[in-house]
$ cat coords_32.cif   # mmCIF, N, CA and C atoms and all ligand atoms
data_entry
#
loop_
_atom_site.label_atom_id
_atom_site.label_comp_id
_atom_site.auth_asym_id
_atom_site.auth_seq_id
_atom_site.Cartn_x
_atom_site.Cartn_y
_atom_site.Cartn_z
N MET A 1 0.85 -1.21 0.00
CA MET A 1 0.00 0.00 0.00
C MET A 1 0.88 1.24 0.00
N LYS A 2 1.92 1.20 0.84
CA LYS A 2 2.84 2.33 0.88
C LYS A 2 3.48 2.54 -0.48
N LYS A 3 3.84 1.40 -1.09
CA LYS A 3 4.49 1.46 -2.39
C LYS A 3 3.52 2.04 -3.43
N LEU A 4 2.29 1.56 -3.37
CA LEU A 4 1.26 2.05 -4.30
C LEU A 4 1.09 3.55 -4.16
N LEU A 5 1.06 3.99 -2.91
CA LEU A 5 0.85 5.41 -2.63
C LEU A 5 1.99 6.21 -3.22
N GLY A 6 3.21 5.67 -3.01
CA GLY A 6 4.39 6.34 -3.55
C GLY A 6 4.32 6.45 -5.05
N ILE A 7 3.95 5.38 -5.68
CA ILE A 7 3.84 5.37 -7.15
C ILE A 7 2.76 6.36 -7.58
N GLY A 8 1.67 6.36 -6.82
CA GLY A 8 0.56 7.26 -7.14
C GLY A 8 0.99 8.71 -7.08
N ILE A 9 1.73 9.04 -6.04
CA ILE A 9 2.19 10.43 -5.87
C ILE A 9 3.17 10.77 -6.98
N PHE A 10 4.07 9.83 -7.25
CA PHE A 10 5.05 10.02 -8.32
C PHE A 10 4.34 10.29 -9.64
N CYS A 11 3.32 9.48 -9.89
CA CYS A 11 2.60 9.60 -11.15
C CYS A 11 1.81 10.90 -11.20
N SER A 12 1.23 11.30 -10.07
CA SER A 12 0.47 12.55 -10.05
C SER A 12 1.40 13.71 -10.35
N LEU A 13 2.63 13.63 -9.84
CA LEU A 13 3.58 14.70 -10.09
C LEU A 13 3.93 14.75 -11.56
N LEU A 14 4.19 13.56 -12.13
CA LEU A 14 4.52 13.49 -13.55
C LEU A 14 3.36 14.00 -14.38
N LEU A 15 2.18 13.65 -13.92
CA LEU A 15 0.96 13.98 -14.65
C LEU A 15 0.84 15.47 -14.91
N VAL A 16 1.31 16.24 -13.95
CA VAL A 16 1.24 17.69 -14.07
C VAL A 16 2.05 18.14 -15.29
N ASN A 17 3.16 17.44 -15.55
CA ASN A 17 4.08 17.89 -16.59
C ASN A 17 4.01 17.09 -17.89
N SER A 18 3.48 15.88 -17.82
CA SER A 18 3.62 15.02 -19.00
C SER A 18 2.38 14.18 -19.20
N GLY A 19 2.53 13.21 -20.05
CA GLY A 19 1.38 12.36 -20.38
C GLY A 19 1.33 11.12 -19.52
N CYS A 20 1.74 11.21 -18.30
CA CYS A 20 1.79 10.03 -17.44
C CYS A 20 0.40 9.43 -17.25
N TYR A 21 -0.60 10.26 -17.39
CA TYR A 21 -1.97 9.79 -17.20
C TYR A 21 -2.23 8.49 -17.94
N TYR A 22 -1.72 8.43 -19.19
CA TYR A 22 -2.03 7.27 -20.00
C TYR A 22 -1.31 6.01 -19.55
N ASP A 23 -0.18 6.17 -18.83
CA ASP A 23 0.50 4.96 -18.38
C ASP A 23 0.23 4.67 -16.90
N SER A 24 -0.56 5.52 -16.25
CA SER A 24 -0.68 5.37 -14.81
C SER A 24 -1.25 3.99 -14.45
N GLU A 25 -2.08 3.46 -15.32
CA GLU A 25 -2.66 2.15 -15.05
C GLU A 25 -1.56 1.10 -14.98
N GLU A 26 -0.59 1.24 -15.89
CA GLU A 26 0.51 0.28 -15.90
C GLU A 26 1.33 0.39 -14.62
N HIS A 27 1.50 1.63 -14.14
CA HIS A 27 2.27 1.81 -12.91
C HIS A 27 1.53 1.19 -11.73
N LEU A 28 0.24 1.41 -11.71
CA LEU A 28 -0.55 0.91 -10.59
C LEU A 28 -0.73 -0.60 -10.67
N TYR A 29 -0.89 -1.08 -11.90
CA TYR A 29 -1.17 -2.50 -12.09
C TYR A 29 -0.14 -3.07 -13.05
N PRO A 30 0.92 -3.64 -12.52
CA PRO A 30 2.00 -4.14 -13.38
C PRO A 30 1.46 -5.04 -14.48
N GLN A 31 2.08 -4.98 -15.64
CA GLN A 31 1.69 -5.75 -16.82
C GLN A 31 0.28 -5.39 -17.30
N GLY A 32 -0.20 -4.23 -16.88
CA GLY A 32 -1.50 -3.77 -17.35
C GLY A 32 -2.66 -4.58 -16.82
N ILE A 33 -2.42 -5.36 -15.78
CA ILE A 33 -3.50 -6.18 -15.23
C ILE A 33 -4.36 -5.32 -14.31
N CYS A 34 -5.66 -5.38 -14.53
CA CYS A 34 -6.57 -4.68 -13.64
C CYS A 34 -7.23 -5.73 -12.76
N ASP A 35 -6.75 -5.85 -11.56
CA ASP A 35 -7.22 -6.92 -10.68
C ASP A 35 -8.46 -6.47 -9.92
N THR A 36 -9.62 -6.95 -10.35
CA THR A 36 -10.87 -6.55 -9.71
C THR A 36 -11.52 -7.74 -9.00
N ALA A 37 -10.72 -8.78 -8.73
CA ALA A 37 -11.28 -9.98 -8.12
C ALA A 37 -11.72 -9.73 -6.68
N ASP A 38 -11.04 -8.80 -6.02
CA ASP A 38 -11.32 -8.60 -4.60
C ASP A 38 -11.38 -7.11 -4.28
N VAL A 39 -12.39 -6.45 -4.84
CA VAL A 39 -12.50 -5.00 -4.65
C VAL A 39 -13.03 -4.71 -3.26
N LYS A 40 -12.32 -3.87 -2.54
CA LYS A 40 -12.72 -3.55 -1.17
C LYS A 40 -12.87 -2.05 -0.99
N TYR A 41 -13.89 -1.67 -0.23
CA TYR A 41 -14.07 -0.26 0.09
C TYR A 41 -12.85 0.28 0.82
N SER A 42 -12.36 -0.53 1.79
CA SER A 42 -11.25 -0.07 2.63
C SER A 42 -9.91 -0.02 1.88
N ASP A 43 -9.88 -0.60 0.71
CA ASP A 43 -8.62 -0.67 -0.04
C ASP A 43 -8.70 0.16 -1.32
N GLN A 44 -9.01 -0.49 -2.45
CA GLN A 44 -8.96 0.21 -3.74
C GLN A 44 -9.92 1.40 -3.82
N VAL A 45 -11.14 1.22 -3.30
CA VAL A 45 -12.15 2.28 -3.46
C VAL A 45 -11.72 3.54 -2.71
N THR A 46 -11.31 3.37 -1.46
CA THR A 46 -10.87 4.52 -0.68
C THR A 46 -9.63 5.15 -1.30
N TYR A 47 -8.76 4.30 -1.84
CA TYR A 47 -7.54 4.80 -2.47
C TYR A 47 -7.88 5.71 -3.67
N ILE A 48 -8.76 5.23 -4.53
CA ILE A 48 -9.11 5.99 -5.74
C ILE A 48 -9.83 7.29 -5.35
N ILE A 49 -10.82 7.16 -4.49
CA ILE A 49 -11.64 8.32 -4.16
C ILE A 49 -10.85 9.38 -3.40
N SER A 50 -10.01 8.93 -2.47
CA SER A 50 -9.26 9.93 -1.71
C SER A 50 -8.26 10.64 -2.61
N ASN A 51 -7.68 9.91 -3.56
CA ASN A 51 -6.71 10.55 -4.45
C ASN A 51 -7.35 11.41 -5.52
N LYS A 52 -8.50 10.99 -6.02
CA LYS A 52 -9.06 11.66 -7.20
C LYS A 52 -10.26 12.56 -6.90
N CYS A 53 -10.85 12.44 -5.72
CA CYS A 53 -12.08 13.20 -5.46
C CYS A 53 -12.01 14.10 -4.23
N PHE A 54 -11.17 13.75 -3.26
CA PHE A 54 -11.20 14.48 -1.99
C PHE A 54 -10.77 15.95 -2.11
N ASP A 55 -10.05 16.31 -3.17
CA ASP A 55 -9.70 17.73 -3.31
C ASP A 55 -10.95 18.58 -3.30
N CYS A 56 -12.07 18.01 -3.74
CA CYS A 56 -13.33 18.77 -3.79
C CYS A 56 -14.45 18.09 -3.00
N HIS A 57 -14.34 16.78 -2.75
CA HIS A 57 -15.45 16.05 -2.11
C HIS A 57 -15.06 15.39 -0.78
N SER A 58 -14.19 16.03 0.00
CA SER A 58 -13.94 15.52 1.35
C SER A 58 -14.87 16.29 2.28
N ASN A 59 -14.91 15.91 3.53
CA ASN A 59 -15.79 16.63 4.47
C ASN A 59 -15.42 18.10 4.56
N SER A 60 -14.12 18.39 4.46
CA SER A 60 -13.71 19.79 4.60
C SER A 60 -13.77 20.56 3.28
N THR A 61 -13.55 19.87 2.14
CA THR A 61 -13.53 20.60 0.87
C THR A 61 -14.90 20.68 0.21
N ALA A 62 -15.79 19.74 0.51
CA ALA A 62 -17.09 19.69 -0.19
C ALA A 62 -17.88 21.01 -0.09
N PRO A 63 -17.93 21.64 1.09
CA PRO A 63 -18.72 22.87 1.16
C PRO A 63 -18.13 23.99 0.29
N ILE A 64 -16.82 23.91 0.03
CA ILE A 64 -16.16 24.98 -0.72
C ILE A 64 -16.15 24.66 -2.22
N SER A 65 -15.77 23.43 -2.58
CA SER A 65 -15.56 23.15 -4.00
C SER A 65 -16.27 21.91 -4.53
N GLY A 66 -17.07 21.23 -3.70
CA GLY A 66 -17.70 20.00 -4.18
C GLY A 66 -19.21 20.02 -4.06
N SER A 67 -19.81 21.18 -4.16
CA SER A 67 -21.26 21.37 -4.07
C SER A 67 -21.86 20.62 -2.88
N ASN A 68 -21.12 20.64 -1.78
CA ASN A 68 -21.59 20.06 -0.51
C ASN A 68 -21.78 18.55 -0.55
N GLN A 69 -21.20 17.88 -1.54
CA GLN A 69 -21.29 16.43 -1.63
C GLN A 69 -19.97 15.86 -1.16
N SER A 70 -19.95 15.22 -0.01
CA SER A 70 -18.72 14.60 0.47
C SER A 70 -18.76 13.10 0.23
N TRP A 71 -17.66 12.60 -0.33
CA TRP A 71 -17.53 11.14 -0.50
C TRP A 71 -16.58 10.59 0.54
N GLU A 72 -16.33 11.36 1.60
CA GLU A 72 -15.41 10.90 2.64
C GLU A 72 -16.17 10.08 3.68
N GLY A 73 -15.71 8.87 3.90
CA GLY A 73 -16.35 8.01 4.89
C GLY A 73 -17.46 7.18 4.25
N TYR A 74 -17.63 5.97 4.73
CA TYR A 74 -18.59 5.05 4.14
C TYR A 74 -20.02 5.59 4.24
N ALA A 75 -20.35 6.23 5.36
CA ALA A 75 -21.73 6.71 5.55
C ALA A 75 -22.13 7.70 4.46
N ASN A 76 -21.24 8.61 4.14
CA ASN A 76 -21.57 9.63 3.14
C ASN A 76 -21.75 9.04 1.75
N ILE A 77 -20.78 8.23 1.33
CA ILE A 77 -20.84 7.72 -0.04
C ILE A 77 -21.97 6.71 -0.19
N SER A 78 -22.20 5.88 0.84
CA SER A 78 -23.26 4.89 0.72
C SER A 78 -24.63 5.55 0.75
N ALA A 79 -24.75 6.63 1.51
CA ALA A 79 -26.04 7.35 1.54
C ALA A 79 -26.35 7.89 0.15
N TYR A 80 -25.34 8.41 -0.52
CA TYR A 80 -25.56 8.96 -1.87
C TYR A 80 -25.92 7.85 -2.84
N LEU A 81 -25.16 6.74 -2.79
CA LEU A 81 -25.39 5.64 -3.73
C LEU A 81 -26.71 4.94 -3.47
N SER A 82 -27.18 4.97 -2.23
CA SER A 82 -28.40 4.24 -1.89
C SER A 82 -29.65 4.87 -2.50
N THR A 83 -29.51 6.08 -3.04
CA THR A 83 -30.66 6.68 -3.73
C THR A 83 -30.91 5.98 -5.06
N GLY A 84 -29.92 5.15 -5.47
CA GLY A 84 -30.08 4.43 -6.74
C GLY A 84 -29.75 5.30 -7.93
N SER A 85 -29.27 6.51 -7.67
CA SER A 85 -28.93 7.42 -8.76
C SER A 85 -27.76 6.87 -9.56
N THR A 86 -27.82 7.06 -10.88
CA THR A 86 -26.71 6.62 -11.72
C THR A 86 -25.74 7.77 -11.97
N THR A 87 -25.96 8.90 -11.29
CA THR A 87 -25.13 10.09 -11.52
C THR A 87 -23.65 9.81 -11.25
N PHE A 88 -23.38 9.10 -10.18
CA PHE A 88 -21.99 8.84 -9.80
C PHE A 88 -21.23 8.14 -10.93
N ILE A 89 -21.79 7.02 -11.37
CA ILE A 89 -21.15 6.23 -12.44
C ILE A 89 -21.16 7.00 -13.76
N SER A 90 -22.25 7.71 -14.04
CA SER A 90 -22.33 8.45 -15.30
C SER A 90 -21.31 9.58 -15.34
N SER A 91 -21.11 10.24 -14.19
CA SER A 91 -20.16 11.36 -14.15
C SER A 91 -18.74 10.89 -14.40
N ILE A 92 -18.35 9.76 -13.77
CA ILE A 92 -16.96 9.32 -13.96
C ILE A 92 -16.76 8.69 -15.34
N ASN A 93 -17.85 8.28 -15.98
CA ASN A 93 -17.75 7.76 -17.35
C ASN A 93 -17.90 8.86 -18.40
N HIS A 94 -18.10 10.10 -17.96
CA HIS A 94 -18.27 11.25 -18.85
C HIS A 94 -19.44 11.05 -19.82
N VAL A 95 -20.53 10.53 -19.30
CA VAL A 95 -21.74 10.35 -20.10
C VAL A 95 -22.35 11.73 -20.36
N ALA A 96 -22.78 11.94 -21.62
CA ALA A 96 -23.38 13.22 -21.99
C ALA A 96 -24.56 13.54 -21.07
N GLY A 97 -24.67 14.80 -20.67
CA GLY A 97 -25.77 15.21 -19.81
C GLY A 97 -25.39 15.22 -18.33
N TYR A 98 -24.22 14.69 -18.00
CA TYR A 98 -23.73 14.69 -16.62
C TYR A 98 -22.45 15.51 -16.56
N THR A 99 -22.23 16.18 -15.44
CA THR A 99 -20.98 16.93 -15.31
C THR A 99 -19.84 15.92 -15.18
N PRO A 100 -18.87 15.97 -16.11
CA PRO A 100 -17.77 15.00 -16.05
C PRO A 100 -16.96 15.16 -14.78
N MET A 101 -16.67 14.02 -14.14
CA MET A 101 -15.87 14.01 -12.91
C MET A 101 -14.64 13.15 -13.11
N PRO A 102 -13.51 13.45 -12.49
CA PRO A 102 -13.25 14.62 -11.65
C PRO A 102 -13.34 15.91 -12.48
N LYS A 103 -14.00 16.90 -11.94
CA LYS A 103 -14.30 18.13 -12.66
C LYS A 103 -13.02 18.82 -13.15
N ASP A 104 -13.00 19.11 -14.43
CA ASP A 104 -11.88 19.82 -15.07
C ASP A 104 -10.54 19.11 -14.90
N ARG A 105 -10.60 17.81 -14.68
CA ARG A 105 -9.36 17.05 -14.53
C ARG A 105 -9.41 15.83 -15.44
N PRO A 106 -8.25 15.14 -15.63
CA PRO A 106 -8.26 13.96 -16.50
C PRO A 106 -9.23 12.91 -16.00
N LYS A 107 -9.83 12.22 -16.94
CA LYS A 107 -10.74 11.13 -16.61
C LYS A 107 -9.99 10.06 -15.82
N LEU A 108 -10.70 9.36 -14.96
CA LEU A 108 -10.09 8.23 -14.24
C LEU A 108 -9.62 7.20 -15.26
N THR A 109 -8.66 6.37 -14.87
CA THR A 109 -8.22 5.31 -15.79
C THR A 109 -9.35 4.28 -15.93
N ASP A 110 -9.30 3.50 -16.99
CA ASP A 110 -10.32 2.46 -17.20
C ASP A 110 -10.38 1.54 -15.98
N CYS A 111 -9.21 1.23 -15.43
CA CYS A 111 -9.18 0.31 -14.30
C CYS A 111 -9.82 0.94 -13.06
N GLU A 112 -9.59 2.22 -12.86
CA GLU A 112 -10.21 2.89 -11.71
C GLU A 112 -11.73 2.91 -11.87
N ILE A 113 -12.19 3.20 -13.08
CA ILE A 113 -13.64 3.24 -13.34
C ILE A 113 -14.24 1.85 -13.13
N ARG A 114 -13.57 0.85 -13.68
CA ARG A 114 -14.08 -0.52 -13.54
C ARG A 114 -14.14 -0.93 -12.07
N THR A 115 -13.11 -0.56 -11.33
CA THR A 115 -13.06 -0.91 -9.91
C THR A 115 -14.25 -0.30 -9.16
N LEU A 116 -14.52 0.98 -9.41
CA LEU A 116 -15.65 1.64 -8.73
C LEU A 116 -16.98 1.03 -9.18
N GLU A 117 -17.07 0.73 -10.48
CA GLU A 117 -18.32 0.13 -11.00
C GLU A 117 -18.59 -1.21 -10.35
N ILE A 118 -17.55 -2.02 -10.24
CA ILE A 118 -17.72 -3.36 -9.66
C ILE A 118 -18.14 -3.25 -8.20
N TRP A 119 -17.51 -2.33 -7.49
CA TRP A 119 -17.86 -2.15 -6.07
C TRP A 119 -19.34 -1.73 -5.94
N ILE A 120 -19.79 -0.83 -6.81
CA ILE A 120 -21.18 -0.37 -6.75
C ILE A 120 -22.14 -1.49 -7.17
N GLN A 121 -21.76 -2.20 -8.25
CA GLN A 121 -22.60 -3.35 -8.69
C GLN A 121 -22.73 -4.41 -7.61
N ASN A 122 -21.65 -4.57 -6.82
CA ASN A 122 -21.68 -5.55 -5.73
C ASN A 122 -22.53 -5.07 -4.55
N GLY A 123 -23.09 -3.88 -4.68
CA GLY A 123 -23.92 -3.35 -3.60
C GLY A 123 -23.11 -2.51 -2.62
N TYR A 124 -21.99 -1.91 -3.13
CA TYR A 124 -21.08 -1.05 -2.34
C TYR A 124 -20.92 -1.51 -0.88
N PRO A 125 -20.37 -2.74 -0.72
CA PRO A 125 -20.18 -3.26 0.64
C PRO A 125 -19.14 -2.47 1.43
N ASN A 126 -19.32 -2.42 2.72
CA ASN A 126 -18.37 -1.76 3.61
C ASN A 126 -17.33 -2.79 4.04
N ASN A 127 -16.52 -3.21 3.09
CA ASN A 127 -15.59 -4.30 3.36
C ASN A 127 -14.15 -3.82 3.43
C1 LIG B 201 -11.93 19.98 -8.83
C2 LIG B 201 -13.08 19.67 -8.01
C3 LIG B 201 -13.75 18.33 -8.15
C4 LIG B 201 -13.16 17.09 -8.20
C5 LIG B 201 -11.70 16.72 -8.15
C6 LIG B 201 -14.27 16.15 -8.26
N1 LIG B 201 -15.46 16.81 -8.27
FE1 LIG B 201 -17.30 15.96 -8.33
N2 LIG B 201 -18.18 17.81 -8.30
C7 LIG B 201 -17.50 19.01 -8.25
C8 LIG B 201 -18.46 20.10 -8.32
C9 LIG B 201 -18.12 21.58 -8.27
C10 LIG B 201 -19.73 19.51 -8.43
C11 LIG B 201 -21.09 20.20 -8.58
C12 LIG B 201 -21.65 20.02 -9.95
C13 LIG B 201 -21.07 20.89 -11.01
O1 LIG B 201 -20.20 21.73 -10.78
O2 LIG B 201 -21.50 20.75 -12.15
C14 LIG B 201 -19.53 18.07 -8.40
C15 LIG B 201 -20.54 17.13 -8.49
C16 LIG B 201 -20.35 15.77 -8.46
C17 LIG B 201 -21.40 14.79 -8.54
C18 LIG B 201 -22.88 15.10 -8.68
C19 LIG B 201 -23.44 15.37 -7.33
C20 LIG B 201 -24.91 15.62 -7.42
O3 LIG B 201 -25.67 14.74 -7.04
O4 LIG B 201 -25.29 16.70 -7.85
C21 LIG B 201 -20.84 13.56 -8.49
C22 LIG B 201 -21.54 12.22 -8.51
C23 LIG B 201 -19.40 13.76 -8.38
N3 LIG B 201 -19.14 15.11 -8.36
C24 LIG B 201 -18.50 12.74 -8.29
C25 LIG B 201 -17.13 12.93 -8.25
C26 LIG B 201 -16.18 11.85 -8.18
C27 LIG B 201 -16.56 10.39 -8.09
C28 LIG B 201 -14.94 12.42 -8.18
C29 LIG B 201 -13.62 11.72 -8.15
C30 LIG B 201 -13.43 10.64 -9.08
C31 LIG B 201 -15.13 13.87 -8.26
N4 LIG B 201 -16.46 14.13 -8.30
C32 LIG B 201 -14.09 14.78 -8.31
C33 LIG B 201 -16.14 19.17 -8.14
C34 LIG B 201 -15.20 18.14 -8.20
#

$ encode --input "coords_32.cif" --output "structure tokens"
Amino acid sequence: MKKLLGIGIFCSLLLVNSGCYYDSEEHLYPQGICDTADVKYSDQVTYIISNKCFDCHSNSTAPISGSNQSWEGYANISAYLSTGSTTFISSINHVAGYTPMPKDRPKLTDCEIRTLEIWIQNGYPNN
């Protein structure tokens, strides 16, 4: 996890200057493997959301830059998802008619999107 975080930070730094975005999946998942066999809220989901959404959707940033929607903590995100709204998935997939998320930033990698989709399809367990 520490290693992943390090790579993530490294990649985010590169991302500012270069096209690292397109290879970030390879850095995160060696050999381009997207391992979604064991998706956990406490692991991959929290990792993706805290890195890609908390700048605007944490408890402290949401009132300022995330239209008061916080995805920090299981209670907040599960309450939003429990409405059955497809907005969350549609936004990260950049579906027409939805505000693309992360707002004004590069789209999540295919693997990140797939990971979040699988977790939601599984009924967003608090695992
Ligand atoms: C740079 C700031 C920023 C980032 C990063 C960001 N968002 Fe947002 N998000 C917003 C703002 C602002 C809105 C309000 C809608 C708008 O501006 O159109 C919003 C709205 C949303 C909504 C719709 C909420 C509703 O019901 O109206 C969803 C879902 C969402 N964001 C998901 C995400 C996810 C998931 C991520 C991370 C992968 C993310 N956002 C990253 C700023 C951000």

$ closest_atom_pairs --input "coords_32.cif" --of "region 70-118 of chain A" --to "region 44-66 of chain A" --cutoff "7 Å" --atoms "only N, CA and C atoms" --output "Markdown table"
| residue | atom | partner | partner_atom | distance |
| --- | --- | --- | --- | --- |
| A:Ser70 | CA | A:His57 | C | 3.9 |
| A:Trp71 | N | A:His57 | C | 3.8 |
| A:Glu72 | N | A:Ser58 | CA | 4.8 |
| A:Pro102 | CA | A:Lys52 | C | 6.0 |
| A:Glu112 | CA | A:Ile48 | CA | 6.8 |
| A:Thr115 | C | A:Val45 | CA | 6.6 |
| A:Leu116 | CA | A:Val45 | CA | 6.4 |

$ select_by_dssp --input "coords_32.cif" --residues "region 38-113 of chain A" --states "alpha helix (DSSP H)" --output "count of residues only"
33

$ atom_distance --input "coords_32.cif" --atom1 "CA of Ala37 (chain A)" --atom2 "CA of Leu108 (chain A)"
19.2 Å

$ atom_distance --input "coords_32.cif" --atom1 "atom C24 of ligand LIG 201 (chain B)" --atom2 "atom N of Arg105 (chain A)"
11.4 Å

$ axis_aligned_box --input "coords_32.cif" --around "ligand LIG 201 (chain B)" --padding-each-side "3 Å" --output "AutoDock Vina command-line options"
--center_x -18.7 --center_y 16.1 --center_z -9.6 --size_x 20.0 --size_y 17.3 --size_z 11.1

$ atom_distance --input "coords_32.cif" --atom1 "atom C3 of ligand LIG 201 (chain B)" --atom2 "CA of Asp104 (chain A)"
7.3 Å

$ closest_residue --input "coords_32.cif" --among "A:Gln69, A:Ala75, A:Pro125, A:Arg114" --to "ligand LIG 201 (chain B)" --atoms "all atoms listed in the file"
A:Gln69

$ closest_residue --input "coords_32.cif" --among "A:Asn122, A:Asn93, A:Asn68, A:Thr36" --to "Tyr80 (chain A)" --atoms "only C-alpha atoms"
A:Asn68

$ closest_residue --input "coords_32.cif" --among "A:Cys34, A:Met101, A:Ile113, A:Ile118" --to "ligand LIG 201 (chain B)" --atoms "only C-alpha atoms and all ligand atoms"
A:Met101

$ closest_residue --input "coords_32.cif" --among "A:Ile33, A:Ser78, A:Ser91, A:Asp43" --to "ligand LIG 201 (chain B)" --atoms "all atoms listed in the file"
A:Ser91

$ closest_residue --input "coords_32.cif" --among "A:Thr99, A:Ser82, A:Ser42, A:Asn127" --to "ligand LIG 201 (chain B)" --atoms "all atoms listed in the file"
A:Thr99

$ closest_residue --input "coords_32.cif" --among "A:Ser90, A:Asn76, A:Gln121, A:Asn126" --to "ligand LIG 201 (chain B)" --atoms "only C-alpha atoms and all ligand atoms"
A:Ser90

$ decode --input "coords_32.cif" --residues "region 38-54 of chain A" --atoms "N, CA and C atoms" --output "PDB file, in the first residue's frame"
ATOM      1  N   ASP A  38     -11.044  -8.798  -6.023  1.00  0.00           N
ATOM      2  CA  ASP A  38     -11.317  -8.604  -4.602  1.00  0.00           C
ATOM      3  C   ASP A  38     -11.377  -7.113  -4.283  1.00  0.00           C
ATOM      4  N   VAL A  39     -12.385  -6.450  -4.837  1.00  0.00           N
ATOM      5  CA  VAL A  39     -12.501  -5.003  -4.649  1.00  0.00           C
ATOM      6  C   VAL A  39     -13.033  -4.706  -3.255  1.00  0.00           C
ATOM      7  N   LYS A  40     -12.316  -3.873  -2.539  1.00  0.00           N
ATOM      8  CA  LYS A  40     -12.720  -3.551  -1.174  1.00  0.00           C
ATOM      9  C   LYS A  40     -12.869  -2.049  -0.988  1.00  0.00           C
ATOM     10  N   TYR A  41     -13.894  -1.672  -0.230  1.00  0.00           N
ATOM     11  CA  TYR A  41     -14.072  -0.257   0.091  1.00  0.00           C
ATOM     12  C   TYR A  41     -12.848   0.281   0.820  1.00  0.00           C
ATOM     13  N   SER A  42     -12.356  -0.527   1.787  1.00  0.00           N
ATOM     14  CA  SER A  42     -11.251  -0.067   2.627  1.00  0.00           C
ATOM     15  C   SER A  42      -9.912  -0.018   1.883  1.00  0.00           C
ATOM     16  N   ASP A  43      -9.881  -0.603   0.706  1.00  0.00           N
ATOM     17  CA  ASP A  43      -8.616  -0.670  -0.035  1.00  0.00           C
ATOM     18  C   ASP A  43      -8.696   0.163  -1.317  1.00  0.00           C
ATOM     19  N   GLN A  44      -9.013  -0.489  -2.452  1.00  0.00           N
ATOM     20  CA  GLN A  44      -8.956   0.206  -3.737  1.00  0.00           C
ATOM     21  C   GLN A  44      -9.917   1.396  -3.815  1.00  0.00           C
ATOM     22  N   VAL A  45     -11.143   1.224  -3.304  1.00  0.00           N
ATOM     23  CA  VAL A  45     -12.154   2.278  -3.455  1.00  0.00           C
ATOM     24  C   VAL A  45     -11.718   3.540  -2.708  1.00  0.00           C
ATOM     25  N   THR A  46     -11.307   3.369  -1.457  1.00  0.00           N
ATOM     26  CA  THR A  46     -10.866   4.521  -0.682  1.00  0.00           C
ATOM     27  C   THR A  46      -9.630   5.152  -1.304  1.00  0.00           C
ATOM     28  N   TYR A  47      -8.759   4.299  -1.836  1.00  0.00           N
ATOM     29  CA  TYR A  47      -7.537   4.802  -2.469  1.00  0.00           C
ATOM     30  C   TYR A  47      -7.882   5.706  -3.666  1.00  0.00           C
ATOM     31  N   ILE A  48      -8.759   5.232  -4.529  1.00  0.00           N
ATOM     32  CA  ILE A  48      -9.113   5.991  -5.737  1.00  0.00           C
ATOM     33  C   ILE A  48      -9.827   7.285  -5.350  1.00  0.00           C
ATOM     34  N   ILE A  49     -10.819   7.159  -4.488  1.00  0.00           N
ATOM     35  CA  ILE A  49     -11.642   8.324  -4.163  1.00  0.00           C
ATOM     36  C   ILE A  49     -10.849   9.379  -3.399  1.00  0.00           C
ATOM     37  N   SER A  50     -10.013   8.933  -2.468  1.00  0.00           N
ATOM     38  CA  SER A  50      -9.260   9.933  -1.713  1.00  0.00           C
ATOM     39  C   SER A  50      -8.255  10.643  -2.612  1.00  0.00           C
ATOM     40  N   ASN A  51      -7.684   9.912  -3.555  1.00  0.00           N
ATOM     41  CA  ASN A  51      -6.709  10.546  -4.446  1.00  0.00           C
ATOM     42  C   ASN A  51      -7.346  11.410  -5.525  1.00  0.00           C
ATOM     43  N   LYS A  52      -8.504  10.989  -6.023  1.00  0.00           N
ATOM     44  CA  LYS A  52      -9.059  11.655  -7.198  1.00  0.00           C
ATOM     45  C   LYS A  52     -10.263  12.559  -6.904  1.00  0.00           C
ATOM     46  N   CYS A  53     -10.848  12.445  -5.719  1.00  0.00           N
ATOM     47  CA  CYS A  53     -12.081  13.197  -5.463  1.00  0.00           C
ATOM     48  C   CYS A  53     -12.008  14.105  -4.231  1.00  0.00           C
ATOM     49  N   PHE A  54     -11.169  13.751  -3.263  1.00  0.00           N
ATOM     50  CA  PHE A  54     -11.196  14.485  -1.991  1.00  0.00           C
ATOM     51  C   PHE A  54     -10.774  15.947  -2.106  1.00  0.00           C
TER      52      PHE A  54
END
